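Shown here: final35.txt, compact mmCIF, C-alpha atoms.
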# COMPACT_ATOMS: atom_id res chain seq x y z
CA MET A 1 110.00 69.05 85.61
CA ASP A 2 108.52 69.94 89.01
CA ARG A 3 110.13 68.42 92.12
CA ALA A 4 107.85 66.51 94.48
CA PRO A 5 107.27 68.20 97.84
CA THR A 6 109.05 66.75 100.84
CA THR A 7 105.77 65.69 102.49
CA THR A 8 102.03 65.55 101.83
CA GLY A 9 99.74 67.52 104.16
CA LEU A 10 100.66 70.49 106.32
CA LYS A 11 100.39 68.62 109.62
CA GLY A 12 103.90 67.54 110.56
CA ASN A 13 105.45 69.41 107.61
CA ARG A 14 108.54 70.66 109.41
CA ASP A 15 109.88 72.76 106.54
CA PHE A 16 106.56 74.56 106.13
CA VAL A 17 106.51 75.39 109.85
CA ILE A 18 110.06 76.79 109.65
CA LEU A 19 109.16 78.97 106.67
CA TRP A 20 105.94 80.09 108.37
CA LEU A 21 107.55 81.04 111.70
CA GLY A 22 110.67 82.59 110.19
CA ASP A 23 108.74 84.68 107.73
CA MET A 24 106.30 85.82 110.43
CA GLY A 25 109.16 87.07 112.60
CA SER A 26 110.81 89.04 109.81
CA GLU A 27 107.46 90.37 108.57
CA MET A 28 106.61 91.54 112.06
CA GLY A 29 109.86 93.49 112.15
CA SER A 30 109.16 94.94 108.70
CA ALA A 31 105.68 96.01 109.82
CA MET A 32 107.31 98.04 112.59
CA SER A 33 109.84 99.65 110.23
CA ASN A 34 107.23 100.47 107.58
CA LEU A 35 105.21 102.38 110.17
CA VAL A 36 108.27 104.13 111.57
CA PHE A 37 109.83 105.21 108.24
CA PRO A 38 107.31 108.04 107.62
CA LEU A 39 107.21 108.92 111.33
CA LEU A 40 110.98 109.36 111.46
CA GLY A 41 110.97 111.15 108.10
CA TYR A 42 108.42 113.64 109.40
CA ALA A 43 110.37 114.13 112.63
CA LEU A 44 113.50 114.95 110.61
CA THR A 45 111.90 117.25 108.00
CA ARG A 46 108.44 118.37 109.26
CA SER A 47 107.24 117.79 105.69
CA THR A 48 104.59 115.23 104.76
CA THR A 49 106.00 115.01 101.22
CA GLN A 50 109.59 114.35 102.33
CA ALA A 51 108.40 112.01 105.08
CA ALA A 52 107.13 109.61 102.41
CA LEU A 53 110.39 109.51 100.43
CA ALA A 54 111.95 106.55 102.27
CA THR A 55 108.85 104.41 101.77
CA THR A 56 108.79 105.41 98.11
CA ALA A 57 112.45 104.41 97.79
CA PHE A 58 111.71 100.98 99.26
CA TYR A 59 108.91 100.28 96.79
CA ALA A 60 110.75 101.85 93.83
CA ALA A 61 113.87 99.75 94.30
CA GLY A 62 111.82 96.58 94.33
CA THR A 63 109.98 97.57 91.17
CA LEU A 64 113.14 98.48 89.23
CA VAL A 65 114.98 95.22 89.89
CA ARG A 66 112.05 92.81 90.26
CA LEU A 67 112.07 91.29 86.77
CA PRO A 68 115.79 90.43 86.51
CA VAL A 69 115.77 89.25 90.13
CA GLY A 70 113.07 86.69 89.34
CA ALA A 71 115.16 85.29 86.49
CA LEU A 72 118.22 85.09 88.75
CA VAL A 73 116.29 83.29 91.49
CA ASP A 74 115.32 80.67 88.88
CA ARG A 75 119.05 80.10 88.25
CA TRP A 76 120.32 80.03 91.83
CA SER A 77 119.82 77.85 94.89
CA ARG A 78 116.60 79.02 96.57
CA ARG A 79 118.08 78.19 100.00
CA ARG A 80 121.10 80.40 99.34
CA VAL A 81 118.94 83.28 98.14
CA LEU A 82 116.79 83.08 101.28
CA LEU A 83 119.89 83.06 103.49
CA ILE A 84 121.75 85.91 101.79
CA SER A 85 118.71 88.18 101.36
CA ASN A 86 117.84 87.90 105.06
CA LEU A 87 121.44 88.56 106.13
CA ALA A 88 121.58 91.57 103.79
CA SER A 89 118.33 92.97 105.23
CA ALA A 90 119.64 92.49 108.77
CA THR A 91 122.80 94.41 107.88
CA ILE A 92 120.98 97.28 106.15
CA ILE A 93 118.35 97.84 108.83
CA GLY A 94 120.87 97.23 111.63
CA THR A 95 123.16 99.93 110.21
CA LEU A 96 120.21 102.33 110.01
CA ALA A 97 119.35 101.58 113.64
CA ALA A 98 122.90 102.42 114.67
CA LEU A 99 122.88 105.72 112.75
CA VAL A 100 119.54 106.72 114.24
CA ALA A 101 120.78 105.88 117.75
CA LEU A 102 123.89 107.99 117.21
CA GLY A 103 121.84 110.95 115.92
CA SER A 104 123.52 110.74 112.51
CA ALA A 105 120.44 109.84 110.45
CA SER A 106 119.03 112.20 107.83
CA ILE A 107 116.31 111.98 105.20
CA ALA A 108 119.04 110.94 102.75
CA THR A 109 120.01 108.10 105.11
CA LEU A 110 116.41 106.90 105.21
CA VAL A 111 116.11 106.99 101.43
CA VAL A 112 119.31 104.99 100.91
CA ALA A 113 118.23 102.45 103.52
CA GLY A 114 114.84 102.17 101.85
CA LEU A 115 116.43 101.56 98.45
CA LEU A 116 118.79 98.85 99.72
CA ALA A 117 116.12 97.16 101.85
CA GLY A 118 113.78 97.15 98.86
CA VAL A 119 116.37 95.34 96.72
CA ALA A 120 116.98 92.71 99.43
CA GLU A 121 113.24 92.14 99.86
CA THR A 122 112.86 91.66 96.10
CA PHE A 123 115.27 88.72 96.17
CA PHE A 124 113.54 87.18 99.17
CA SER A 125 109.95 87.14 97.91
CA PRO A 126 110.29 84.91 94.77
CA ALA A 127 112.69 82.56 96.58
CA ALA A 128 110.23 82.15 99.46
CA SER A 129 107.37 81.48 97.03
CA ALA A 130 109.42 78.87 95.18
CA ALA A 131 110.45 77.26 98.48
CA LEU A 132 106.81 77.03 99.56
CA ARG A 133 105.88 75.33 96.29
CA ALA A 134 108.77 72.85 96.83
CA VAL A 135 107.76 71.79 100.36
CA VAL A 136 103.96 71.76 99.95
CA ALA A 137 102.00 69.34 97.77
CA PRO A 138 99.82 70.92 95.02
CA GLN A 139 96.59 69.87 96.74
CA ASP A 140 97.72 71.64 99.93
CA LEU A 141 98.70 74.95 98.30
CA ALA A 142 95.43 76.78 99.00
CA GLN A 143 95.55 75.82 102.69
CA ALA A 144 99.25 76.73 102.89
CA TYR A 145 98.66 80.17 101.41
CA THR A 146 95.74 80.69 103.79
CA ARG A 147 98.06 80.01 106.73
CA MET A 148 100.66 82.35 105.26
CA GLN A 149 97.95 85.01 105.15
CA ALA A 150 97.25 84.38 108.84
CA ARG A 151 100.95 84.89 109.52
CA HIS A 152 100.84 88.18 107.64
CA HIS A 153 97.95 89.49 109.70
CA VAL A 154 99.49 88.35 113.00
CA ALA A 155 102.60 90.32 112.04
CA SER A 156 100.43 93.30 111.09
CA LEU A 157 98.60 93.08 114.41
CA VAL A 158 101.70 93.02 116.59
CA GLY A 159 104.18 94.99 114.47
CA PRO A 160 102.65 98.48 114.05
CA PRO A 161 101.60 99.13 117.66
CA LEU A 162 104.88 97.67 118.90
CA GLY A 163 106.77 99.80 116.40
CA GLY A 164 104.89 102.93 117.47
CA ALA A 165 105.48 102.18 121.14
CA LEU A 166 109.19 101.48 120.62
CA PHE A 167 109.55 104.62 118.50
CA ALA A 168 108.06 106.64 121.34
CA VAL A 169 110.80 105.25 123.61
CA ALA A 170 113.70 105.59 121.16
CA ALA A 171 113.62 106.11 117.41
CA ALA A 172 116.25 103.43 116.77
CA LEU A 173 114.50 100.62 118.63
CA PRO A 174 112.03 99.49 115.91
CA PHE A 175 114.84 99.23 113.36
CA ALA A 176 117.02 97.27 115.77
CA VAL A 177 114.26 94.75 116.40
CA ASP A 178 113.61 94.48 112.66
CA ALA A 179 117.29 93.70 112.03
CA ILE A 180 117.20 90.97 114.67
CA SER A 181 114.11 89.41 113.04
CA PHE A 182 115.88 89.14 109.68
CA ALA A 183 118.93 87.58 111.32
CA ALA A 184 116.69 85.05 113.09
CA PHE A 185 115.07 84.04 109.80
CA ALA A 186 118.51 83.53 108.26
CA VAL A 187 119.28 81.11 111.07
CA ALA A 188 115.93 79.34 110.56
CA VAL A 189 116.74 78.76 106.87
CA SER A 190 119.72 76.65 107.88
CA PHE A 191 117.33 74.18 109.58
CA LEU A 192 115.30 73.45 106.43
CA ARG A 193 115.58 69.80 105.39
CA ALA A 194 114.56 70.36 101.77
CA PRO A 195 117.68 71.10 99.69
CA LEU A 196 115.90 73.81 97.63
CA PRO A 197 118.50 73.82 94.85
CA ALA A 198 118.28 75.81 91.66
CA PRO A 199 115.64 74.39 89.30
CA ALA A 200 116.71 72.23 86.38
CA THR A 201 118.43 74.49 83.87
CA THR A 202 116.90 75.05 80.46
CA GLY A 203 120.18 76.09 78.84
CA SER A 204 122.62 78.99 78.92
CA ARG A 205 120.21 81.69 77.81
CA ARG A 206 120.54 85.40 78.33
CA LEU A 207 118.93 87.05 81.34
CA ARG A 208 116.77 89.18 79.08
CA ALA A 209 115.32 86.07 77.43
CA ASP A 210 114.45 84.57 80.83
CA VAL A 211 112.73 87.79 81.92
CA ALA A 212 110.75 87.94 78.69
CA GLU A 213 109.67 84.30 79.09
CA GLY A 214 108.27 85.01 82.55
CA MET A 215 106.29 87.99 81.30
CA ARG A 216 104.97 86.04 78.31
CA PHE A 217 103.83 83.21 80.54
CA LEU A 218 101.95 85.59 82.85
CA TRP A 219 100.43 87.55 79.97
CA GLY A 220 99.27 84.32 78.36
CA GLN A 221 97.14 83.44 81.40
CA ARG A 222 94.15 85.72 80.93
CA ALA A 223 92.64 85.36 84.40
CA ALA A 224 96.01 85.83 86.10
CA ARG A 225 96.78 88.82 83.89
CA ALA A 226 93.49 90.55 84.74
CA MET A 227 93.97 89.92 88.47
CA MET A 228 97.50 91.36 88.38
CA ILE A 229 96.30 94.50 86.56
CA TRP A 230 93.57 94.80 89.18
CA GLY A 231 96.23 94.34 91.85
CA GLY A 232 98.40 97.07 90.31
CA ILE A 233 95.66 99.67 90.53
CA LEU A 234 94.39 98.41 93.89
CA ASN A 235 97.81 98.29 95.58
CA PHE A 236 98.60 101.83 94.47
CA ALA A 237 95.23 103.08 95.69
CA VAL A 238 95.30 101.25 99.04
CA THR A 239 98.92 102.27 99.76
CA TYR A 240 98.01 105.83 98.86
CA VAL A 241 95.02 105.73 101.24
CA LEU A 242 96.99 104.18 104.12
CA ILE A 243 99.86 106.68 103.80
CA SER A 244 97.36 109.54 103.57
CA ILE A 245 95.61 108.35 106.73
CA THR A 246 98.91 107.92 108.60
CA LEU A 247 100.19 111.38 107.67
CA ARG A 248 96.79 112.91 108.36
CA LEU A 249 96.81 111.42 111.86
CA VAL A 250 100.40 112.62 112.40
CA ARG A 251 99.38 116.18 111.46
CA ALA A 252 96.40 115.90 113.82
CA GLY A 253 98.81 115.19 116.70
CA VAL A 254 97.77 111.57 117.27
CA HIS A 255 100.29 109.61 119.36
CA PRO A 256 102.47 107.17 117.33
CA ALA A 257 101.27 104.22 119.42
CA ALA A 258 97.65 105.14 118.63
CA ILE A 259 98.48 105.36 114.92
CA GLY A 260 99.96 101.87 115.15
CA ALA A 261 96.75 100.73 116.83
CA VAL A 262 94.80 101.57 113.65
CA ASP A 263 96.79 98.91 111.79
CA ALA A 264 96.41 96.58 114.77
CA ILE A 265 92.60 96.80 114.67
CA ALA A 266 92.59 95.97 110.97
CA ALA A 267 95.13 93.18 111.48
CA ALA A 268 92.93 91.60 114.16
CA ALA A 269 90.16 91.42 111.56
CA GLY A 270 92.67 89.91 109.15
CA ILE A 271 93.51 87.17 111.65
CA LEU A 272 89.81 86.43 112.08
CA GLY A 273 89.42 86.40 108.30
CA ALA A 274 92.38 84.04 107.95
CA ALA A 275 90.92 81.73 110.59
CA VAL A 276 87.81 81.17 108.47
CA ALA A 277 89.44 81.64 105.05
CA SER A 278 90.40 78.04 104.31
CA PRO A 279 86.86 76.69 103.80
CA TYR A 280 85.88 79.79 101.84
CA VAL A 281 88.89 79.42 99.52
CA ARG A 282 87.91 75.78 98.91
CA ARG A 283 84.19 76.43 98.39
CA LEU A 284 83.92 79.84 96.71
CA PRO A 285 84.97 80.69 93.14
CA THR A 286 88.30 82.51 93.26
CA GLY A 287 87.29 85.03 90.59
CA THR A 288 84.10 86.03 92.41
CA THR A 289 85.97 86.43 95.71
CA THR A 290 88.42 88.81 94.04
CA MET A 291 85.72 91.04 92.58
CA VAL A 292 83.76 91.23 95.85
CA THR A 293 86.91 92.12 97.79
CA GLY A 294 87.66 95.09 95.54
CA LEU A 295 84.14 96.50 95.79
CA VAL A 296 83.99 96.17 99.59
CA LEU A 297 87.36 97.91 99.99
CA ALA A 298 86.14 100.87 97.95
CA ALA A 299 82.99 101.14 100.06
CA VAL A 300 84.74 101.16 103.45
CA ILE A 301 87.29 103.83 102.48
CA VAL A 302 84.70 106.54 101.77
CA PRO A 303 83.68 107.23 105.42
CA MET A 304 87.35 107.62 106.43
CA ALA A 305 87.37 110.96 104.66
CA TRP A 306 85.29 112.47 107.47
CA THR A 307 87.17 111.26 110.56
CA THR A 308 90.55 111.10 112.31
CA ASP A 309 89.16 108.97 115.14
CA VAL A 310 91.54 105.99 115.27
CA ARG A 311 88.79 103.68 116.54
CA LEU A 312 86.49 104.43 113.63
CA VAL A 313 89.26 104.35 111.04
CA GLY A 314 90.46 101.04 112.44
CA ALA A 315 86.96 99.58 112.41
CA LEU A 316 86.42 100.56 108.78
CA LEU A 317 89.75 99.09 107.75
CA ALA A 318 88.81 95.93 109.65
CA VAL A 319 85.73 95.40 107.48
CA GLY A 320 87.80 95.46 104.29
CA THR A 321 90.70 93.52 105.77
CA PHE A 322 88.48 90.64 106.83
CA LEU A 323 88.09 89.58 103.18
CA LEU A 324 91.76 89.86 102.22
CA PRO A 325 93.11 86.52 103.54
CA ALA A 326 90.72 84.41 101.43
CA ASN A 327 91.27 86.66 98.42
CA ASN A 328 95.06 86.75 98.62
CA ALA A 329 95.39 83.05 99.46
CA GLY A 330 93.25 82.11 96.47
CA ILE A 331 95.22 84.27 94.05
CA GLY A 332 98.61 83.20 95.43
CA ALA A 333 97.74 79.51 95.35
CA TYR A 334 96.34 79.82 91.82
CA LEU A 335 99.51 81.47 90.49
CA SER A 336 101.70 78.87 92.18
CA PHE A 337 99.49 76.03 90.87
CA ILE A 338 99.66 77.04 87.21
CA THR A 339 103.41 77.83 87.21
CA PRO A 340 106.10 75.18 86.57
CA ASP A 341 108.84 74.91 89.21
CA ALA A 342 111.50 76.18 86.82
CA MET A 343 109.53 79.42 86.36
CA GLN A 344 108.41 80.10 89.94
CA GLY A 345 110.85 82.96 90.45
CA ARG A 346 110.12 84.63 87.12
CA LEU A 347 106.34 84.30 87.44
CA ASN A 348 106.43 85.63 91.01
CA SER A 349 108.52 88.59 89.90
CA ALA A 350 106.47 89.24 86.76
CA ALA A 351 103.25 89.15 88.77
CA GLY A 352 104.75 91.41 91.42
CA PHE A 353 106.04 93.82 88.79
CA VAL A 354 102.54 94.24 87.34
CA SER A 355 100.68 94.25 90.66
CA ASP A 356 103.15 96.51 92.51
CA GLY A 357 104.51 98.60 89.64
CA LEU A 358 102.58 101.74 90.54
CA THR A 359 102.96 101.38 94.32
CA PRO A 360 106.28 103.32 94.59
CA LEU A 361 104.46 106.45 93.46
CA ALA A 362 101.75 106.18 96.14
CA PRO A 363 103.60 107.59 99.20
CA VAL A 364 104.87 110.71 97.42
CA VAL A 365 101.52 111.26 95.68
CA ALA A 366 99.77 110.87 99.04
CA GLY A 367 102.07 113.35 100.75
CA ALA A 368 101.75 115.90 97.95
CA LEU A 369 97.96 115.62 97.63
CA LEU A 370 97.53 115.78 101.39
CA ALA A 371 99.32 119.12 101.34
CA ALA A 372 97.51 120.37 98.21
CA LEU A 373 93.94 119.06 98.62
CA GLY A 374 93.57 118.27 102.29
CA GLY A 375 92.82 114.93 103.89
CA ARG A 376 89.14 114.56 102.98
CA ALA A 377 89.48 115.06 99.22
CA GLY A 378 92.59 112.92 99.14
CA VAL A 379 90.93 109.95 100.83
CA LEU A 380 87.85 110.21 98.60
CA LEU A 381 90.13 110.14 95.56
CA GLY A 382 91.67 106.95 96.92
CA ALA A 383 88.23 105.35 97.28
CA ALA A 384 87.45 106.21 93.66
CA LEU A 385 90.68 104.58 92.50
CA VAL A 386 89.90 101.40 94.43
CA ALA A 387 86.48 101.23 92.77
CA CYS A 388 88.05 101.70 89.33
CA SER A 389 90.48 98.85 89.98
CA VAL A 390 87.65 96.31 89.66
CA VAL A 391 87.05 97.19 85.99
CA PRO A 392 89.73 94.80 84.56
CA LEU A 393 88.12 91.94 86.49
CA LEU A 394 84.63 92.72 85.24
CA LEU A 395 85.84 92.92 81.64
CA GLU A 396 87.64 89.55 81.65
CA PRO A 397 85.28 86.53 81.24
CA SER A 398 87.94 84.05 82.44
CA VAL A 399 87.99 85.74 85.86
CA ARG A 400 84.25 85.35 86.19
CA ARG A 401 84.63 81.68 85.25
CA LEU A 402 87.56 80.98 87.57
CA GLY A 403 86.21 78.49 90.04
CA ARG A 404 87.32 76.77 93.23
CA PRO A 405 90.83 75.26 93.68
CA ALA A 406 89.49 71.76 92.99
CA GLU A 407 88.31 73.04 89.60
CA TRP A 408 91.55 74.70 88.54
CA ALA A 409 93.13 73.23 85.43
CA PRO A 410 96.93 72.93 85.06
CA VAL A 411 98.56 74.83 82.23
CA PRO A 412 99.33 72.55 79.24
CA PRO A 413 103.10 71.86 78.88
CA ALA A 414 103.29 73.74 75.59
CA ALA A 415 102.08 76.91 77.33
CA SER A 416 104.92 76.84 79.85
CA THR A 417 107.82 76.84 77.43

Would you put the structure from the file into structure tokens?
Amino acid sequence: MDRAPTTTGLKGNRDFVILWLGDMGSEMGSAMSNLVFPLLGYALTRSTTQAALATTAFYAAGTLVRLPVGALVDRWSRRRVLLISNLASATIIGTLAALVALGSASIATLVVAGLLAGVAETFFSPAASAALRAVVAPQDLAQAYTRMQARHHVASLVGPPLGGALFAVAAALPFAVDAISFAAFAVAVSFLRAPLPAPATTGSRRLRADVAEGMRFLWGQRAARAMMIWGGILNFAVTYVLISITLRLVRAGVHPAAIGAVDAIAAAAGILGAAVASPYVRRLPTGTTTMVTGLVLAAVIVPMAWTTDVRLVGALLAVGTFLLPANNAGIGAYLSFITPDAMQGRLNSAAGFVSDGLTPLAPVVAGALLAALGGRAGVLLGAALVACSVVPLLLEPSVRRLGRPAEWAPVPPAAST
């Protein structure tokens, strides 16, 4: 049975504010590190393919352990998972910062750090989603996810240019700041008033059975299933495009701070989109918003094939990014709404496994195709993949019928067991 949230409404919801601020700080640090990983990899190897290995390791680790992690999060105290995963991330990234500062880092070091950081992040994500569901009332979920999207874009605005600037000063600095951000979030977790215990147990079942139950639940929700398949293709394609653009700019001799500014321009559009997203999430059908977002993203990527001007690339990304807060908030709130508390971790992990399953391949594919085809053909291929991602949405009638949050219907109890 679902636990009641600690308070109704986001105004004055202390636990929500703690989660929002803590997650923004750690995400800002991660935004710096994600930019710096390929920059440092290229500096160490002078190879675009090897430069992408650490980022690939981060995504691959999360994909490999995501499903069992979700089942474990549904068995453990969510507060404890949040605390330990943040402390683990601080230790991993802090150790990497020390090795880089001492001149002892290698591409193997980056890959190992990426693997370990990916595992820690995989524990954090479903626990944070379950915690949000526990402290926010169902009718406030769409607004809460909209604000979480704003946090994401603020972190994306500040993190990349700051990471590029710090990397230009000293390669270890972005990682050191990232480690501090994770440690700060661990401290913030201790101030949460909500107990966030493990959900009510459903018996001493095997881990494999719990994992299978989460996947069956997701696969039984036709609209959610179609959106996650769309997300799987889209996330691979967009990650591939972004890595291709970053490495293309690196090869063109663009300063790291200027490369970070590309993400900053897009993030500024994301903040603007998040600022106006809440009424759009409430008033527009969630399914329609998702389909429009995919088509617009495909359209804005095409012109990037003909330029390495950071201002133009940033402006094009901004157009697509403007729609993402409303889209992502709607999908996230919908998944949380239809999922029982006892299955929040498993559903989050199952959805992430489907939507992010192909993403680990994107950095290496981008590096290899950049070397083999050149930047223009590679970016055009990415645009084609983004366009193709919309097909599962168009083929699923329940997505086209998925309306506004006020029209969402809860899943019958029999469907959640």

Checklist entry - From the list A:Trp306, A:Arg283, A:Val399, A:Gly320, which residue is nearest Gly378 of chain A when using all atoms listed in the file? => result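 Closest to Gly378 of chain A of all the choices is A:Trp306.
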
Around all listed atoms of segment 252-271 of chain A, padded 3 Å per side, what centre and edge lengths does the axis-aligned box have in Å to one decimal, as JSON?
{"center_x": 96.3, "center_y": 101.5, "center_z": 114.3, "size_x": 18.3, "size_y": 34.7, "size_z": 16.3}

Checklist entry - Quick one, how far is atom CA of Gly273 of chain A from atom CA of Asp178 of chain A? => result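 Between atom CA of Gly273 of chain A and atom CA of Asp178 of chain A the gap works out to 25.9 Å.
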
Item to check | Nearest to Ala51 of chain A, chosen from A:Asn327, A:Ser30, A:Ser106, A:Thr239, with only C-alpha atoms counted in the distances | outcome: A:Ser106

Neighbouring residues of Ala165 of chain A were defined as those with any atom within 8 Å, considering all atoms listed in the file; residues of the same chain fewer than 3 positions away were excluded. Please report them as a PDB file with C-alpha atoms, in the frame of the given file.
ATOM      1  CA  PRO A 161     101.600  99.130 117.660  1.00  0.00           C
ATOM      2  CA  LEU A 162     104.880  97.670 118.900  1.00  0.00           C
ATOM      3  CA  ALA A 168     108.060 106.640 121.340  1.00  0.00           C
ATOM      4  CA  VAL A 169     110.800 105.250 123.610  1.00  0.00           C
ATOM      5  CA  PRO A 256     102.470 107.170 117.330  1.00  0.00           C
ATOM      6  CA  ALA A 257     101.270 104.220 119.420  1.00  0.00           C
TER       7      ALA A 257
END

Checklist entry - What does the distance from atom CA of Val189 of chain A to atom CA of Val36 of chain A come to in Å, to one decimal? => result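 Straight-line distance from atom CA of Val189 of chain A to atom CA of Val36 of chain A works out to 27.2 Å.
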
Checklist entry - Counting all atoms listed in the file, which of A:Thr321, A:Ser278, A:Thr63, A:Ser85 gets nearest to Ala350 of chain A? => result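 Distance minimum relative to Ala350 of chain A lands on A:Thr63.
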
Checklist entry - What is the distance between atom CA of Arg400 of chain A and atom CA of Ala223 of chain A, in Å to one decimal? => result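 One can read the atom CA of Arg400 of chain A to atom CA of Ala223 of chain A distance as 8.6 Å.
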
Next on the checklist: as a list in words, please: the residues near Trp20 of chain A (cut-off 10 Å, only C-alpha atoms, same-chain neighbours under 6 positions excluded).
Outcome noted: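 Using only C-alpha atoms, the neighbours found are Arg14, Leu132, Ala144, Arg147, Met148, Gln149, Ala150, Arg151 and His152 of chain A.
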
Selection above as a file: C-alpha atoms, as an mmCIF file, in the frame of the given file:
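The file below, selection-v3.cif, is the result:
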data_model
loop_
_atom_site.group_PDB
_atom_site.id
_atom_site.type_symbol
_atom_site.label_atom_id
_atom_site.label_comp_id
_atom_site.auth_asym_id
_atom_site.auth_seq_id
_atom_site.Cartn_x
_atom_site.Cartn_y
_atom_site.Cartn_z
ATOM 1 C CA ARG A 14 108.540 70.660 109.410
ATOM 2 C CA LEU A 132 106.810 77.030 99.560
ATOM 3 C CA ALA A 144 99.250 76.730 102.890
ATOM 4 C CA ARG A 147 98.060 80.010 106.730
ATOM 5 C CA MET A 148 100.660 82.350 105.260
ATOM 6 C CA GLN A 149 97.950 85.010 105.150
ATOM 7 C CA ALA A 150 97.250 84.380 108.840
ATOM 8 C CA ARG A 151 100.950 84.890 109.520
ATOM 9 C CA HIS A 152 100.840 88.180 107.640
#

Next on the checklist: Just checking: using all atoms listed in the file, which residue out of A:Val111, A:Ala127, A:Ala326, A:Asp15 ends up closest to Tyr280 of chain A?
Outcome noted: A:Ala326

At most 10 Å is the cut-off: for each residue in segment 157-236 of chain A with any atom that close to an atom of segment 88-100 of chain A, write down the nearest atom pair and the distance in Å rounded to one decimal, counting all atoms listed in the file, chain first then increasing number, as JSON lines.
{"residue": "A:Ala170", "atom": "CA", "partner": "A:Val100", "partner_atom": "CA", "distance": 9.1}
{"residue": "A:Ala171", "atom": "CA", "partner": "A:Val100", "partner_atom": "CA", "distance": 6.7}
{"residue": "A:Ala172", "atom": "CA", "partner": "A:Ala97", "partner_atom": "CA", "distance": 4.8}
{"residue": "A:Leu173", "atom": "CA", "partner": "A:Ala97", "partner_atom": "CA", "distance": 7.0}
{"residue": "A:Pro174", "atom": "CA", "partner": "A:Ala97", "partner_atom": "CA", "distance": 7.9}
{"residue": "A:Phe175", "atom": "CA", "partner": "A:Ala97", "partner_atom": "CA", "distance": 5.1}
{"residue": "A:Ala176", "atom": "CA", "partner": "A:Ala97", "partner_atom": "CA", "distance": 5.3}
{"residue": "A:Val177", "atom": "CA", "partner": "A:Gly94", "partner_atom": "CA", "distance": 8.5}
{"residue": "A:Asp178", "atom": "CA", "partner": "A:Ile93", "partner_atom": "CA", "distance": 7.0}
{"residue": "A:Ala179", "atom": "CA", "partner": "A:Ala90", "partner_atom": "CA", "distance": 4.2}
{"residue": "A:Ile180", "atom": "CA", "partner": "A:Ala90", "partner_atom": "CA", "distance": 6.6}
{"residue": "A:Ser181", "atom": "CA", "partner": "A:Ala90", "partner_atom": "CA", "distance": 7.6}
{"residue": "A:Phe182", "atom": "CA", "partner": "A:Ala90", "partner_atom": "CA", "distance": 5.1}
{"residue": "A:Ala183", "atom": "CA", "partner": "A:Ala90", "partner_atom": "CA", "distance": 5.6}
{"residue": "A:Ala184", "atom": "CA", "partner": "A:Ala90", "partner_atom": "CA", "distance": 9.1}
{"residue": "A:Phe185", "atom": "CA", "partner": "A:Ala90", "partner_atom": "CA", "distance": 9.7}
{"residue": "A:Ala186", "atom": "CA", "partner": "A:Ala90", "partner_atom": "CA", "distance": 9.0}

Checklist entry - Neighbours of Ser190 of chain A within 12 Å (all atoms listed in the file; same-chain residues fewer than 6 positions away dropped), as a ChimeraX atom specification? => result /A:15,18-19,22,78-84,86,183-184,196

Any idea what's packed within 12 Å of Ser336 of chain A, counting all atoms listed in the file, ignoring anything in its chain fewer than 2 positions away? Could you give it as an mmCIF file with C-alpha atoms, in the coordinates of the input?
data_model
loop_
_atom_site.group_PDB
_atom_site.id
_atom_site.type_symbol
_atom_site.label_atom_id
_atom_site.label_comp_id
_atom_site.auth_asym_id
_atom_site.auth_seq_id
_atom_site.Cartn_x
_atom_site.Cartn_y
_atom_site.Cartn_z
ATOM 1 C CA ASP A 2 108.520 69.940 89.010
ATOM 2 C CA PRO A 126 110.290 84.910 94.770
ATOM 3 C CA ALA A 128 110.230 82.150 99.460
ATOM 4 C CA SER A 129 107.370 81.480 97.030
ATOM 5 C CA ALA A 130 109.420 78.870 95.180
ATOM 6 C CA ALA A 131 110.450 77.260 98.480
ATOM 7 C CA LEU A 132 106.810 77.030 99.560
ATOM 8 C CA ARG A 133 105.880 75.330 96.290
ATOM 9 C CA ALA A 134 108.770 72.850 96.830
ATOM 10 C CA VAL A 136 103.960 71.760 99.950
ATOM 11 C CA ALA A 137 102.000 69.340 97.770
ATOM 12 C CA PRO A 138 99.820 70.920 95.020
ATOM 13 C CA GLN A 139 96.590 69.870 96.740
ATOM 14 C CA ASP A 140 97.720 71.640 99.930
ATOM 15 C CA LEU A 141 98.700 74.950 98.300
ATOM 16 C CA ALA A 142 95.430 76.780 99.000
ATOM 17 C CA ALA A 144 99.250 76.730 102.890
ATOM 18 C CA TYR A 145 98.660 80.170 101.410
ATOM 19 C CA LEU A 218 101.950 85.590 82.850
ATOM 20 C CA ALA A 224 96.010 85.830 86.100
ATOM 21 C CA ALA A 329 95.390 83.050 99.460
ATOM 22 C CA GLY A 330 93.250 82.110 96.470
ATOM 23 C CA ILE A 331 95.220 84.270 94.050
ATOM 24 C CA GLY A 332 98.610 83.200 95.430
ATOM 25 C CA ALA A 333 97.740 79.510 95.350
ATOM 26 C CA TYR A 334 96.340 79.820 91.820
ATOM 27 C CA ILE A 338 99.660 77.040 87.210
ATOM 28 C CA THR A 339 103.410 77.830 87.210
ATOM 29 C CA PRO A 340 106.100 75.180 86.570
ATOM 30 C CA ASP A 341 108.840 74.910 89.210
ATOM 31 C CA ALA A 342 111.500 76.180 86.820
ATOM 32 C CA MET A 343 109.530 79.420 86.360
ATOM 33 C CA GLN A 344 108.410 80.100 89.940
ATOM 34 C CA GLY A 345 110.850 82.960 90.450
ATOM 35 C CA ARG A 346 110.120 84.630 87.120
ATOM 36 C CA LEU A 347 106.340 84.300 87.440
ATOM 37 C CA ASN A 348 106.430 85.630 91.010
ATOM 38 C CA ALA A 351 103.250 89.150 88.770
ATOM 39 C CA PRO A 405 90.830 75.260 93.680
ATOM 40 C CA TRP A 408 91.550 74.700 88.540
ATOM 41 C CA PRO A 410 96.930 72.930 85.060
ATOM 42 C CA VAL A 411 98.560 74.830 82.230
#
